[in-house]
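Inspection log for the structure reproduced underneath, given as structure tokens.
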Amino acid sequence: MFAMLKIIDMDSVNKNDSRKRVLVEKYGAIMERHENMTPIASRIFATLFIGVDGSGETFENLVNFLGASKSTISTNLSNLKKSGYITYYTKPGDRKKYFVLAPESFLARMEEERGTLVKERNIVKEIVDYKIECVEGQPENKIGNFPYLDFLNDSIGLLDTLTERINLKIKNRQF
């Protein structure tokens, strides 16, 4: 029997690869600033985040795609693992490590953001209480409303909901 050959549209592959590189740069720059990562660590993180099927990337694929030296990729993978951003798994009969994002890293980032929002909300509540005291005995319309306090409360609630959903996915091994 003749084996069926899969015809690959190289223009499509090159276009997707080019688009992926642009996205890695854009998201990598955000992670570099927001998480204080090295440029290559942020690009590794972005590459894993952008991965289409979630199966991870091998060391060799990261070296080839990012165009960095093996030692640079290795050092940054180690640092990302130590920081809890990534983890890896192996496949039976395959000696390669497949690097993926650690779901716990998302939870840690969300908890940190939640803590910041809670602190800000508490200060905004103090400001609201101060304003109410300052206008005591005056018409209520002098106080005004505080939509920013609503925003902070809503943001905290959304982070709580998202955290619950991610924890459930981790528990059910769907992340």
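We label chains A, B, ... in the order they appear in the structure tokens, count residues from 1 in each chain, and number ligands from 1 in the order shown.
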
Surrounding residues of region 14-27 of chain A excluding itself and chain neighbours under 3 positions, 9 Å, only C-alpha atoms, as a PDB file with C-alpha atoms, in the first residue's frame:
```pdb
ATOM      1  CA  ASP A   9       1.370  24.704   2.787  1.00  0.00           C
ATOM      2  CA  MET A  10       4.731  26.338   3.572  1.00  0.00           C
ATOM      3  CA  ASP A  11       3.341  29.846   3.092  1.00  0.00           C
ATOM      4  CA  ILE A  30       4.865  42.831  28.864  1.00  0.00           C
ATOM      5  CA  MET A  31       6.146  39.984  31.042  1.00  0.00           C
ATOM      6  CA  GLU A  32       9.631  41.467  31.066  1.00  0.00           C
ATOM      7  CA  SER A  42      10.014  36.485  29.211  1.00  0.00           C
ATOM      8  CA  ARG A  43      10.223  35.183  25.625  1.00  0.00           C
ATOM      9  CA  ILE A  44      10.321  31.584  26.872  1.00  0.00           C
ATOM     10  CA  PHE A  45       7.265  32.300  29.037  1.00  0.00           C
ATOM     11  CA  ALA A  46       5.469  33.927  26.098  1.00  0.00           C
ATOM     12  CA  THR A  47       6.358  31.030  23.771  1.00  0.00           C
ATOM     13  CA  PHE A  49       1.828  30.730  26.793  1.00  0.00           C
ATOM     14  CA  ILE A  50       1.181  31.064  23.060  1.00  0.00           C
ATOM     15  CA  PHE A  65      12.566  29.140  17.814  1.00  0.00           C
ATOM     16  CA  LEU A  66      14.135  31.802  20.039  1.00  0.00           C
TER      17      LEU A  66
END
```

field: 12 Å contact set for Ala68 (chain A), only C-alpha atoms, chain neighbours under 3 positions out, as a PyMOL selection string
entry: chain A and resi 39-41+43-44+59-65+71-76

Exercise for review: Fewer than 5 positions away in the same chain doesn't count, so skip those; otherwise give me all residues within 9 Å of Lys125 (chain A), counting only C-alpha atoms, as number ranges by chain.
Suggested key: A: 120, 130, 149

Check: Between CA of His34 (chain A) and CA of Val52 (chain A), what is the spacing in Å?
Finding: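 CA of His34 (chain A) lies at a distance of 23.3 Å from CA of Val52 (chain A).
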
Per residue of region 46-134 of chain A within 7 Å of region 150-164 of chain A, which atom pair is closest and at what distance in Å (one decimal), using only C-alpha atoms, listed by chain and increasing number, as JSON lines?
```
{"residue": "A:Leu107", "atom": "CA", "partner": "A:Thr163", "partner_atom": "CA", "distance": 6.4}
{"residue": "A:Met110", "atom": "CA", "partner": "A:Leu159", "partner_atom": "CA", "distance": 6.6}
{"residue": "A:Arg114", "atom": "CA", "partner": "A:Ile156", "partner_atom": "CA", "distance": 6.0}
{"residue": "A:Leu117", "atom": "CA", "partner": "A:Leu152", "partner_atom": "CA", "distance": 6.4}
{"residue": "A:Arg121", "atom": "CA", "partner": "A:Leu152", "partner_atom": "CA", "distance": 6.0}
```

Store the residues picked out above, limited to C-alpha atoms, as a PDB file, in the first residue's frame.
```pdb
ATOM      1  CA  LEU A 107      -2.694  31.740  40.835  1.00  0.00           C
ATOM      2  CA  MET A 110      -3.679  36.734  40.685  1.00  0.00           C
ATOM      3  CA  ARG A 114      -5.785  40.762  44.540  1.00  0.00           C
ATOM      4  CA  LEU A 117      -6.437  45.762  44.983  1.00  0.00           C
ATOM      5  CA  ARG A 121      -9.829  49.415  48.239  1.00  0.00           C
TER       6      ARG A 121
END
```
